[in-house]
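Coordinates from run.cif are shown below (mmCIF, C-alpha atoms).
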```cif
data_final
#
loop_
_atom_site.label_atom_id
_atom_site.label_comp_id
_atom_site.auth_asym_id
_atom_site.auth_seq_id
_atom_site.Cartn_x
_atom_site.Cartn_y
_atom_site.Cartn_z
CA MET A 249 0.00 0.00 0.00
CA ALA A 250 1.38 3.40 -0.93
CA PRO A 251 1.92 5.82 1.97
CA LEU A 252 -0.74 8.37 2.81
CA THR A 253 0.02 11.82 1.46
CA PHE A 254 0.41 14.30 4.35
CA HIS A 255 1.95 17.66 3.64
CA GLY A 256 3.65 19.85 6.18
CA ALA A 257 3.31 20.70 9.85
CA PRO A 258 0.30 22.68 11.09
CA VAL A 259 0.51 26.28 9.95
CA ARG A 260 -0.55 29.20 12.12
CA HIS A 261 -1.19 32.63 10.66
CA PRO A 262 -1.48 35.44 13.18
CA PHE A 263 -4.56 37.62 12.69
CA PRO A 264 -6.72 39.67 15.10
CA SER A 265 -9.60 37.14 14.97
CA MET A 266 -11.12 34.48 12.77
CA GLN A 267 -12.33 36.08 9.57
CA ALA A 268 -13.78 34.90 6.27
CA ARG A 269 -13.52 36.60 2.90
CA GLN A 270 -15.17 35.37 -0.27
CA SER A 271 -14.28 35.76 -3.94
CA VAL A 272 -16.16 34.58 -7.03
CA TRP A 273 -14.72 33.68 -10.44
CA THR A 274 -16.82 33.24 -13.59
CA PRO A 275 -15.70 32.19 -17.10
CA LEU A 276 -16.86 35.44 -18.69
CA GLY A 277 -16.00 37.96 -15.99
CA GLY A 278 -13.00 36.46 -14.21
CA TRP A 279 -12.75 37.43 -10.54
CA GLU A 280 -15.58 39.71 -9.45
CA GLY A 281 -14.44 43.26 -8.75
CA ASP A 282 -11.89 45.49 -10.42
CA GLY A 283 -8.93 43.61 -11.84
CA GLU A 284 -7.04 40.73 -10.25
CA PRO A 285 -7.60 40.34 -6.48
CA THR A 286 -4.99 41.72 -4.10
CA PRO A 287 -2.77 39.04 -2.49
CA ASP A 288 -3.87 37.95 1.01
CA ALA A 289 -0.88 36.52 2.89
CA ALA A 290 -2.78 36.02 6.17
CA ALA A 291 -5.25 33.39 4.99
CA ALA A 292 -4.58 29.90 6.39
CA LEU A 293 -7.24 27.95 4.52
CA VAL A 294 -9.15 28.53 1.29
CA LEU A 295 -12.27 26.48 0.57
CA VAL A 296 -12.75 26.21 -3.19
CA PHE A 297 -15.90 24.90 -4.87
CA GLY A 298 -16.45 24.97 -8.61
CA SER A 299 -17.18 23.14 -11.82
CA VAL A 300 -14.71 20.54 -13.08
CA THR A 301 -13.88 22.85 -15.99
CA ALA A 302 -13.13 25.82 -13.74
CA LEU A 303 -11.03 23.73 -11.37
CA ARG A 304 -8.99 22.40 -14.30
CA SER A 305 -8.16 25.86 -15.63
CA PRO A 306 -4.41 26.60 -15.21
CA THR A 307 -5.25 30.30 -15.12
CA VAL A 308 -7.67 29.87 -12.23
CA SER A 309 -5.28 27.60 -10.33
CA SER A 310 -2.36 30.02 -10.67
CA SER A 311 -4.51 33.00 -9.66
CA ILE A 312 -5.63 31.18 -6.50
CA GLN A 313 -2.01 30.50 -5.56
CA ALA A 314 -1.11 34.14 -6.24
CA ARG A 315 -4.06 35.49 -4.27
CA TRP A 316 -3.49 33.30 -1.18
CA PRO A 317 0.25 32.44 -1.26
CA ASN A 318 0.44 30.97 2.27
CA ALA A 319 -2.90 29.17 2.43
CA ARG A 320 -3.80 25.51 2.11
CA VAL A 321 -6.46 25.03 -0.58
CA VAL A 322 -9.13 22.32 -0.38
CA GLY A 323 -12.51 21.79 -2.00
CA CYS A 324 -14.24 19.85 -4.74
CA SER A 325 -16.30 19.91 -7.91
CA THR A 326 -20.00 20.60 -7.52
CA ALA A 327 -23.52 20.62 -8.91
CA GLY A 328 -23.75 24.32 -8.09
CA GLU A 329 -21.69 26.76 -6.03
CA ILE A 330 -23.04 28.77 -3.06
CA ALA A 331 -21.87 32.35 -2.49
CA GLY A 332 -23.99 34.03 0.16
CA VAL A 333 -27.58 33.52 -0.98
CA ARG A 334 -26.56 33.20 -4.63
CA LEU A 335 -26.45 29.86 -6.40
CA LEU A 336 -24.00 29.79 -9.30
CA ASP A 337 -23.20 27.21 -11.98
CA ASP A 338 -19.93 26.63 -13.86
CA SER A 339 -18.16 29.15 -11.63
CA LEU A 340 -15.68 28.98 -8.77
CA VAL A 341 -16.28 30.29 -5.25
CA ALA A 342 -13.25 30.71 -2.98
CA THR A 343 -13.68 31.43 0.75
CA ALA A 344 -10.49 32.37 2.59
CA LEU A 345 -10.30 31.81 6.36
CA THR A 346 -7.88 33.38 8.83
CA PHE A 347 -7.52 32.26 12.44
CA GLU A 348 -6.08 33.65 15.64
CA HIS A 349 -6.21 30.51 17.80
CA THR A 350 -6.68 27.61 15.38
CA GLN A 351 -4.22 25.60 13.35
CA VAL A 352 -4.96 23.68 10.18
CA ARG A 353 -3.80 20.20 9.18
CA ILE A 354 -4.48 18.71 5.74
CA ALA A 355 -4.41 15.07 4.66
CA ARG A 356 -5.39 13.30 1.47
CA ALA A 357 -5.58 9.67 0.39
CA THR A 358 -6.96 7.58 -2.46
CA LEU A 359 -8.94 4.35 -2.63
CA VAL A 360 -5.97 2.58 -4.21
CA GLU A 361 -3.64 3.66 -1.41
CA SER A 362 -6.11 2.81 1.33
CA GLY A 363 -7.68 -0.43 0.16
CA GLY A 364 -11.25 0.82 -0.09
CA SER A 365 -13.60 3.47 1.23
CA ARG A 366 -13.46 2.49 4.90
CA GLY A 367 -9.67 2.32 4.74
CA LEU A 368 -9.73 5.75 3.12
CA GLY A 369 -11.55 7.21 6.12
CA GLU A 370 -9.27 5.43 8.58
CA ALA A 371 -6.13 6.69 6.82
CA LEU A 372 -7.33 10.30 6.80
CA ALA A 373 -8.29 10.15 10.47
CA ARG A 374 -4.96 8.66 11.53
CA ALA A 375 -3.07 11.39 9.67
CA LEU A 376 -5.06 14.12 11.42
CA LEU A 377 -4.94 12.76 14.98
CA THR A 378 -3.29 15.23 17.30
CA GLU A 379 -3.89 16.87 20.64
CA ASP A 380 -6.72 19.44 20.66
CA LEU A 381 -8.15 18.27 17.34
CA ALA A 382 -11.52 20.05 17.34
CA HIS A 383 -13.21 19.12 14.07
CA VAL A 384 -12.68 17.39 10.73
CA LEU A 385 -14.01 18.64 7.41
CA VAL A 386 -13.89 16.08 4.59
CA PHE A 387 -14.55 16.17 0.83
CA SER A 388 -14.56 12.98 -1.24
CA ASP A 389 -14.93 11.82 -4.80
CA GLY A 390 -18.68 11.60 -5.37
CA LEU A 391 -18.80 8.64 -7.77
CA GLU A 392 -16.09 6.16 -6.75
CA VAL A 393 -16.15 6.50 -2.95
CA ASN A 394 -18.78 4.76 -0.81
CA GLY A 395 -19.71 7.61 1.52
CA SER A 396 -21.12 5.36 4.26
CA ALA A 397 -17.90 3.35 4.50
CA LEU A 398 -15.80 6.53 4.41
CA VAL A 399 -17.69 7.88 7.43
CA GLU A 400 -17.37 4.56 9.25
CA GLY A 401 -13.61 4.66 8.79
CA LEU A 402 -13.30 8.24 10.00
CA THR A 403 -15.43 7.76 13.10
CA ALA A 404 -13.75 4.45 14.00
CA VAL A 405 -10.41 6.22 14.45
CA LEU A 406 -11.31 9.74 15.60
CA PRO A 407 -11.99 10.42 19.30
CA SER A 408 -15.68 10.56 20.18
CA GLY A 409 -15.60 14.29 20.84
CA VAL A 410 -14.32 15.20 17.37
CA GLY A 411 -17.10 16.03 14.92
CA VAL A 412 -17.01 15.28 11.20
CA THR A 413 -18.86 17.16 8.47
CA GLY A 414 -18.39 17.57 4.74
CA GLY A 415 -19.70 16.29 1.46
CA MET A 416 -19.20 14.30 -1.71
CA ALA A 417 -18.08 16.03 -4.87
CA ALA A 418 -20.52 16.39 -7.76
CA ASP A 419 -20.62 16.94 -11.51
CA GLY A 420 -23.94 18.67 -12.02
CA ALA A 421 -26.59 16.13 -13.05
CA ARG A 422 -24.13 14.50 -15.48
CA PHE A 423 -22.56 11.89 -13.13
CA GLY A 424 -19.51 11.80 -15.35
CA GLU A 425 -16.48 12.88 -13.32
CA THR A 426 -15.89 14.36 -9.88
CA VAL A 427 -12.68 15.66 -8.29
CA VAL A 428 -11.44 16.92 -4.96
CA VAL A 429 -8.96 19.75 -4.58
CA HIS A 430 -5.73 19.46 -2.62
CA ASP A 431 -3.64 22.61 -3.03
CA ALA A 432 -2.69 22.68 -6.73
CA ALA A 433 -3.70 19.03 -7.35
CA LEU A 434 -7.01 17.54 -8.47
CA VAL A 435 -7.62 14.11 -6.93
CA HIS A 436 -9.75 11.33 -8.45
CA GLY A 437 -10.98 8.35 -6.47
CA GLY A 438 -10.00 9.75 -3.10
CA ALA A 439 -10.67 12.35 -0.44
CA VAL A 440 -9.08 15.32 1.30
CA ALA A 441 -9.67 16.22 4.94
CA VAL A 442 -9.03 19.33 7.02
CA GLY A 443 -8.28 18.99 10.71
CA PHE A 444 -8.96 22.09 12.82
CA VAL A 445 -6.71 22.13 15.89
CA GLY A 446 -7.36 24.40 18.86
CA ARG A 447 -9.52 24.76 21.96
CA ARG A 448 -10.99 28.10 20.96
CA LEU A 449 -12.78 26.87 17.82
CA GLN A 450 -16.54 26.49 18.22
CA VAL A 451 -18.38 24.30 15.71
CA GLY A 452 -22.08 23.65 15.20
CA TYR A 453 -23.85 21.49 12.66
CA GLY A 454 -27.25 20.25 11.64
CA SER A 455 -28.81 18.22 8.84
CA LEU A 456 -32.45 17.96 7.75
CA GLY A 457 -34.33 16.88 4.64
CA GLY A 458 -37.98 17.59 3.96
CA TRP A 459 -39.02 14.73 1.68
CA ASP A 460 -42.31 12.84 2.05
CA PRO A 461 -42.40 9.02 1.99
CA PHE A 462 -44.93 7.26 -0.22
CA GLY A 463 -45.86 3.73 -1.23
CA ALA A 464 -45.07 0.46 0.49
CA GLU A 465 -42.04 -0.28 2.66
CA TRP A 466 -39.76 -2.97 1.26
CA GLU A 467 -37.07 -5.12 2.84
CA ILE A 468 -33.62 -5.11 1.25
CA THR A 469 -33.08 -8.81 0.60
CA ARG A 470 -29.96 -8.66 -1.56
CA ALA A 471 -27.28 -5.98 -1.59
CA GLU A 472 -23.51 -5.59 -1.43
CA GLY A 473 -22.26 -2.38 0.11
CA ASN A 474 -23.93 0.43 -1.82
CA VAL A 475 -25.10 -1.85 -4.66
CA LEU A 476 -28.74 -2.97 -4.50
CA TYR A 477 -30.06 -6.11 -6.22
CA GLU A 478 -33.38 -7.06 -4.64
CA LEU A 479 -36.26 -5.68 -2.57
CA ASP A 480 -38.52 -8.29 -0.95
CA GLY A 481 -36.90 -10.93 -3.15
CA ARG A 482 -37.77 -9.06 -6.36
CA SER A 483 -35.38 -7.41 -8.78
CA ALA A 484 -35.02 -3.81 -7.62
CA ILE A 485 -34.86 -2.14 -11.05
CA PRO A 486 -38.35 -3.01 -12.39
CA LEU A 487 -39.84 -2.34 -8.96
CA TYR A 488 -38.19 1.08 -8.84
CA GLU A 489 -39.30 1.84 -12.40
CA SER A 490 -42.91 0.94 -11.63
CA TYR A 491 -43.02 3.68 -9.01
CA LEU A 492 -41.37 6.29 -11.23
CA GLY A 493 -43.80 5.95 -14.15
CA ASP A 494 -42.79 8.24 -17.03
CA HIS A 495 -39.74 9.41 -15.06
CA ALA A 496 -38.22 5.93 -15.50
CA ARG A 497 -37.19 6.90 -19.05
CA ASP A 498 -34.66 9.35 -17.66
CA LEU A 499 -32.92 7.06 -15.17
CA PRO A 500 -30.48 7.33 -13.50
CA SER A 501 -30.73 11.14 -13.39
CA SER A 502 -34.47 11.10 -12.60
CA GLY A 503 -33.68 8.98 -9.55
CA LEU A 504 -32.59 12.21 -7.88
CA LEU A 505 -36.27 13.15 -7.73
CA PHE A 506 -37.23 9.90 -5.98
CA PRO A 507 -34.70 8.96 -3.30
CA MET A 508 -35.15 6.06 -0.88
CA ALA A 509 -35.48 6.27 2.88
CA LEU A 510 -33.79 3.46 4.82
CA ARG A 511 -34.77 2.41 8.32
CA ARG A 512 -33.08 -0.20 10.50
CA GLY A 513 -35.23 -1.15 13.48
CA ASP A 514 -38.67 0.11 14.43
CA ASP A 515 -37.43 3.22 16.22
CA ALA A 516 -34.52 4.07 13.93
CA ARG A 517 -34.37 7.48 12.32
CA PRO A 518 -34.38 6.96 8.54
CA VAL A 519 -31.51 8.03 6.33
CA VAL A 520 -31.99 8.95 2.69
CA ARG A 521 -30.10 7.39 -0.20
CA THR A 522 -29.75 8.73 -3.75
CA LEU A 523 -29.34 6.66 -6.90
CA LEU A 524 -26.00 7.17 -8.67
CA ALA A 525 -25.95 4.52 -11.37
CA LEU A 526 -28.05 1.75 -12.89
CA ASP A 527 -26.81 -1.36 -14.70
CA ARG A 528 -29.70 -3.18 -16.39
CA GLU A 529 -27.52 -6.03 -17.64
CA ALA A 530 -26.25 -6.80 -14.14
CA GLY A 531 -29.58 -5.90 -12.53
CA THR A 532 -27.95 -3.52 -10.07
CA MET A 533 -28.62 -0.06 -8.68
CA THR A 534 -25.71 1.82 -7.12
CA PHE A 535 -26.46 4.37 -4.40
CA ALA A 536 -24.31 7.03 -2.75
CA GLY A 537 -24.19 5.07 0.53
CA ASP A 538 -24.68 1.59 1.89
CA MET A 539 -27.92 -0.34 1.32
CA PRO A 540 -27.71 -2.76 4.27
CA MET A 541 -29.39 -6.16 4.09
CA GLY A 542 -32.49 -6.33 6.26
CA ALA A 543 -33.10 -2.58 6.26
CA ARG A 544 -36.54 -1.32 5.30
CA ALA A 545 -36.65 0.91 2.21
CA ARG A 546 -39.38 3.29 1.10
CA PHE A 547 -39.65 5.69 -1.82
CA MET A 548 -39.77 9.43 -1.23
CA LYS A 549 -40.96 12.46 -3.19
CA ALA A 550 -40.52 16.18 -2.88
CA ASN A 551 -42.54 18.59 -0.77
CA PHE A 552 -41.44 22.09 -1.80
CA ASP A 553 -42.30 23.88 1.43
CA ARG A 554 -40.83 21.15 3.60
CA LEU A 555 -37.55 21.22 1.66
CA VAL A 556 -37.13 24.89 2.54
CA ASP A 557 -38.25 24.24 6.13
CA GLY A 558 -35.63 21.50 6.35
CA ALA A 559 -32.85 23.91 5.36
CA GLU A 560 -33.98 26.40 8.00
CA GLY A 561 -34.15 23.63 10.60
CA ALA A 562 -30.60 22.53 9.82
CA ALA A 563 -29.42 26.12 10.30
CA ARG A 564 -31.22 26.44 13.66
CA THR A 565 -29.63 23.22 14.88
CA ALA A 566 -26.18 24.40 13.76
CA THR A 567 -26.44 27.58 15.82
CA LYS A 568 -27.28 25.94 19.16
CA SER A 569 -23.75 24.96 20.17
CA LEU A 570 -22.50 28.50 19.52
CA GLY A 571 -24.49 29.77 22.49
CA GLY A 572 -26.23 32.47 20.52
CA ALA A 573 -22.94 33.99 19.26
CA PRO A 574 -22.81 34.72 15.53
CA ALA A 575 -20.84 32.35 13.31
CA THR A 576 -17.96 33.67 11.23
CA VAL A 577 -18.60 31.28 8.38
CA ALA A 578 -21.35 28.79 7.58
CA LEU A 579 -20.69 25.92 5.21
CA LEU A 580 -23.85 24.85 3.39
CA ILE A 581 -23.89 21.50 1.58
CA SER A 582 -27.15 20.59 -0.11
CA CYS A 583 -28.02 17.78 -2.51
CA VAL A 584 -28.24 18.04 -6.29
CA GLY A 585 -31.62 16.33 -6.03
CA ARG A 586 -32.99 19.23 -3.99
CA LYS A 587 -31.72 21.63 -6.63
CA LEU A 588 -33.44 19.73 -9.43
CA VAL A 589 -36.72 19.64 -7.52
CA LEU A 590 -36.74 23.25 -6.33
CA GLN A 591 -35.53 24.59 -9.72
CA GLN A 592 -36.19 28.35 -9.82
CA ARG A 593 -37.08 28.25 -6.11
CA VAL A 594 -33.73 26.77 -5.13
CA GLU A 595 -32.43 30.02 -3.65
CA GLU A 596 -35.33 29.99 -1.21
CA GLU A 597 -33.49 27.45 0.93
CA LEU A 598 -30.41 29.69 0.92
CA ASP A 599 -32.56 32.66 1.91
CA GLY A 600 -34.05 30.54 4.69
CA VAL A 601 -30.62 29.71 6.09
CA ARG A 602 -29.62 33.39 5.93
CA ASP A 603 -32.78 34.37 7.81
CA VAL A 604 -31.91 31.95 10.61
CA LEU A 605 -28.17 32.71 10.84
CA GLY A 606 -28.43 36.47 10.38
CA ALA A 607 -26.25 38.80 8.37
CA SER A 608 -22.90 38.07 10.06
CA PRO A 609 -21.69 34.73 8.69
CA VAL A 610 -20.16 34.35 5.27
CA LEU A 611 -22.18 31.63 3.54
CA ALA A 612 -20.22 29.20 1.35
CA GLY A 613 -20.82 25.71 0.04
CA PHE A 614 -22.07 23.59 -2.83
CA TYR A 615 -24.66 21.16 -4.14
CA SER A 616 -23.36 17.61 -3.73
CA TYR A 617 -23.81 13.89 -4.34
CA GLY A 618 -23.89 13.23 -0.59
CA GLU A 619 -23.78 15.15 2.68
CA ILE A 620 -21.72 14.12 5.72
CA ALA A 621 -22.82 15.25 9.17
CA PRO A 622 -24.51 14.16 12.38
CA TRP A 623 -28.20 15.01 12.64
CA ALA A 624 -27.22 17.50 15.36
CA THR A 625 -24.17 18.63 17.32
CA GLY A 626 -22.86 15.80 19.49
CA GLY A 627 -24.64 13.04 17.56
CA ALA A 628 -23.19 10.22 15.51
CA CYS A 629 -21.97 11.18 12.04
CA THR A 630 -23.57 9.56 9.02
CA LEU A 631 -23.88 9.96 5.27
CA HIS A 632 -27.05 11.71 4.12
CA ASN A 633 -28.57 12.22 0.72
CA GLN A 634 -31.15 14.83 -0.24
CA THR A 635 -30.53 16.94 2.87
CA MET A 636 -29.26 20.40 3.62
CA THR A 637 -26.37 20.28 6.08
CA VAL A 638 -25.02 23.39 7.77
CA THR A 639 -21.67 23.67 9.60
CA THR A 640 -21.00 26.88 11.53
CA LEU A 641 -17.53 27.97 12.68
CA ARG A 642 -16.24 30.71 14.97
CA GLU A 643 -13.43 31.28 17.44
CA ALA A 644 -14.31 32.10 21.04
#
```
Final structure tokens representation of the file:
Amino acid sequence: MAPLTFHGAPVRHPFPSMQARQSVWTPLGGWEGDGEPTPDAAAALVLVFGSVTALRSPTVSSSIQARWPNARVVGCSTAGEIAGVRLLDDSLVATALTFEHTQVRIARATLVESGGSRGLGEALARALLTEDLAHVLVFSDGLEVNGSALVEGLTAVLPSGVGVTGGMAADGARFGETVVVHDAALVHGGAVAVGFVGRRLQVGYGSLGGWDPFGAEWEITRAEGNVLYELDGRSAIPLYESYLGDHARDLPSSGLLFPMALRRGDDARPVVRTLLALDREAGTMTFAGDMPMGARARFMKANFDRLVDGAEGAARTATKSLGGAPATVALLISCVGRKLVLQQRVEEELDGVRDVLGASPVLAGFYSYGEIAPWATGGACTLHNQTMTVTTLREA
């Protein structure tokens, strides 16, 4: 097994307090504002979310390095970039963070190096383990990585008090190629993780959906990892198609409109899973996370108002652990399926988060193929689909 890539000791950049500054690049206009941005030597971390095309541009990459010469750069490709309450496509949104009391560690690994998705999570967690580790932010390939196993690996190694949030990279509704960003490199089939080190960092997070279940509940009778074969002993594909009606013609992309809710045990809180790929010859359906044998599965459909309510609820949950103090930055990761359902109303969920968090935090994030977070601060981390997750950060 090739060694895990871990670059450099933790870097501390003195600054009066934690701050966040955001810049937007578009193919037609370049960086917003007058001319090329002024270099910012104080930034310790830059979160970058954009289209695969924008991330591949040598001009964009070199301008990021020139703008933030001392910062570590992490992020991923998306199905839409969030800048405040704006949703952009085929752009790049860069959010630079400076800290007074917090250090940043970065690790990356690939599936090949780590022997699978769980090993990937374990390797990243081991590389980040250090005294006063406060939180881990992770971004993974959205097509090749099993998000459930990635989370299992991370949480198996990290101390119980260290939270994990993040998301899976996307490629619009194309499902062709996703990448994660590690400084000047684009990584396929792997993940990058940020470890925040320091006792003064305060982190909150929440995750809610807003989809309505419909139809019968089925037992998963044959599955391997995130690949589903049978429901109640019947081939899953024709059963799924029978519920989709005319939408079945557009599979797998139309599957984003009809996710599945999984429940294990009578009192278990359901998690939502999104279809990524369909192989009719093999009779398989591949989802963004595990489809465990014996779990109960039920189809879901959109409720517009409840989708927006879910985003607002995630924001309210994310603010609780901050004790009423305003966040400096809020990372919003929502699902591409929500974007396709809400369409022209999609910015309503961003407006709802802003209404809850107030004017202070810089809002950044992206639309994803999977969201990683506990339901609420202090809970167990899991992979979600079709949710809005909100992570709030500030220094005390």
Taking a cut-off of 6 Å and counting all atoms listed in the file, can you build a table that, for each residue of segment 279-377 of chain A near segment 430-451 of chain A, reports the nearest atom pair and how far apart they are in Å (one decimal), sorted by chain then residue number, as a Markdown table?
```
| residue | atom | partner | partner_atom | distance |
| --- | --- | --- | --- | --- |
| A:Arg320 | CA | A:Asp431 | CA | 5.9 |
| A:Val321 | CA | A:Asp431 | CA | 4.5 |
| A:Val322 | CA | A:His430 | CA | 5.0 |
| A:Thr350 | CA | A:Gly446 | CA | 4.8 |
| A:Gln351 | CA | A:Val445 | CA | 5.0 |
| A:Val352 | CA | A:Phe444 | CA | 5.0 |
| A:Arg353 | CA | A:Gly443 | CA | 4.9 |
| A:Ile354 | CA | A:Val442 | CA | 4.8 |
| A:Ala355 | CA | A:Ala441 | CA | 5.4 |
| A:Arg356 | CA | A:Val440 | CA | 4.2 |
| A:Ala357 | CA | A:Gly438 | CA | 5.6 |
| A:Thr358 | CA | A:Gly438 | CA | 3.8 |
| A:Leu359 | CA | A:Gly438 | CA | 5.5 |
| A:Leu376 | CA | A:Gly443 | CA | 5.9 |
```
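The nearest approach to Ala536 of chain A among the residues A:Thr378, A:Asn633, A:Ser483, A:Thr576, with all atoms listed in the file taken into account, belongs to A:Asn633.
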* Asked: How far is it from atom CA of Glu400 of chain A to atom CA of Pro500 of chain A, in Å with one decimal?
  -> 26.4 Å
* Counting all atoms listed in the file, the residue of A:Val294, A:Leu605, A:Ile581, A:Cys629 that sits nearest Ile330 of chain A -> A:Ile581
Between segment 440-482 of chain A and segment 514-530 of chain A, at 10 Å or less, what are the per-residue closest atom pairs and their distances in Å? Count all atoms listed in the file, order by chain and rising residue number, and return it as JSON lines.
```
{"residue": "A:Gly457", "atom": "CA", "partner": "A:Val520", "partner_atom": "CA", "distance": 8.5}
{"residue": "A:Trp459", "atom": "CA", "partner": "A:Val520", "partner_atom": "CA", "distance": 9.2}
{"residue": "A:Asn474", "atom": "CA", "partner": "A:Arg521", "partner_atom": "CA", "distance": 9.4}
{"residue": "A:Val475", "atom": "CA", "partner": "A:Ala525", "partner_atom": "CA", "distance": 9.3}
{"residue": "A:Leu476", "atom": "CA", "partner": "A:Leu526", "partner_atom": "CA", "distance": 9.7}
{"residue": "A:Tyr477", "atom": "CA", "partner": "A:Ala530", "partner_atom": "CA", "distance": 8.8}
```
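One distance worth recording is that between atom CA of Glu465 of chain A and atom CA of Ser490 of chain A, which is 14.4 Å.
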* **Result set, the PyMOL selection byres ((chain A and resi 575) around 12) on current file, as a PyMOL selection string** => chain A and resi 266-268+449-453+563-564+566-574+576-579+602+604-611+638-644
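What separates atom CA of Leu580 of chain A from atom CA of Val393 of chain A is a distance of 20.9 Å.
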* **Counting only C-alpha atoms, the option among A:Ser311, A:Met548, A:Ala559, A:Gly473 closest to Thr532 of chain A** => A:Gly473
For the PyMOL selection byres ((chain A and resi 298) around 7), applied here, can you spell out every residue it catches as a CSV table (one decimal) with C-alpha atoms, keeping the file's coordinate frame?
```csv
chain,number,residue,atom,x,y,z
A,296,VAL,CA,-12.8,26.2,-3.2
A,297,PHE,CA,-15.9,24.9,-4.9
A,299,SER,CA,-17.2,23.1,-11.8
A,300,VAL,CA,-14.7,20.5,-13.1
A,302,ALA,CA,-13.1,25.8,-13.7
A,303,LEU,CA,-11.0,23.7,-11.4
A,324,CYS,CA,-14.2,19.8,-4.7
A,325,SER,CA,-16.3,19.9,-7.9
A,326,THR,CA,-20.0,20.6,-7.5
A,329,GLU,CA,-21.7,26.8,-6.0
A,338,ASP,CA,-19.9,26.6,-13.9
A,339,SER,CA,-18.2,29.2,-11.6
A,340,LEU,CA,-15.7,29.0,-8.8
A,341,VAL,CA,-16.3,30.3,-5.2
```
I'd like to see the residues matched by the PyMOL selection byres ((chain A and resi 461) around 12) on this file, and ideally I'd get them as a short mmCIF file (atom, residue, chain, number, x, y, z; two decimals) with C-alpha atoms, keeping the file's coordinate frame.
```
data_model
loop_
_atom_site.label_atom_id
_atom_site.label_comp_id
_atom_site.auth_asym_id
_atom_site.auth_seq_id
_atom_site.Cartn_x
_atom_site.Cartn_y
_atom_site.Cartn_z
CA GLY A 457 -34.33 16.88 4.64
CA GLY A 458 -37.98 17.59 3.96
CA TRP A 459 -39.02 14.73 1.68
CA ASP A 460 -42.31 12.84 2.05
CA PHE A 462 -44.93 7.26 -0.22
CA GLY A 463 -45.86 3.73 -1.23
CA ALA A 464 -45.07 0.46 0.49
CA GLU A 465 -42.04 -0.28 2.66
CA PHE A 506 -37.23 9.90 -5.98
CA PRO A 507 -34.70 8.96 -3.30
CA MET A 508 -35.15 6.06 -0.88
CA ALA A 509 -35.48 6.27 2.88
CA LEU A 510 -33.79 3.46 4.82
CA ARG A 511 -34.77 2.41 8.32
CA PRO A 518 -34.38 6.96 8.54
CA VAL A 519 -31.51 8.03 6.33
CA VAL A 520 -31.99 8.95 2.69
CA ALA A 545 -36.65 0.91 2.21
CA ARG A 546 -39.38 3.29 1.10
CA PHE A 547 -39.65 5.69 -1.82
CA MET A 548 -39.77 9.43 -1.23
CA LYS A 549 -40.96 12.46 -3.19
CA ALA A 550 -40.52 16.18 -2.88
CA ASN A 551 -42.54 18.59 -0.77
#
```
* Hey, what's within 8 Å of Gly585 of chain A if we count all atoms listed in the file and toss same-chain stuff fewer than 2 positions away? As an NGL selection string, please? -> :A and (504-505 or 583 or 587-589 or 634)
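Proximity to Met541 of chain A was assessed for A:Gly367, A:Gly481, A:Gly401, A:Pro306 counting only C-alpha atoms; the smallest distance is recorded for A:Gly481.
Of the listed residues (A:Gln313, A:Thr534, A:Ser305, A:Ser582), A:Ser305 comes nearest to Thr274 of chain A; the distances count all atoms listed in the file.
Among A:Val410, A:Leu391, A:Ile485, A:Ala373, the residue with the shortest atom-to-atom distance to Arg422 of chain A, counting all atoms listed in the file, is A:Leu391.
The environment of Ala344 of chain A within 9 Å, counting all atoms listed in the file and disregarding residues fewer than 2 places along the same chain, consists of Gln267, Ala268, Arg269, Gln270, Ser271, Asp288, Ala291, Ala292, Leu293, Val294, Leu295, Val296, Trp316, Ala319, Val321, Ala342 and Thr346 of chain A.
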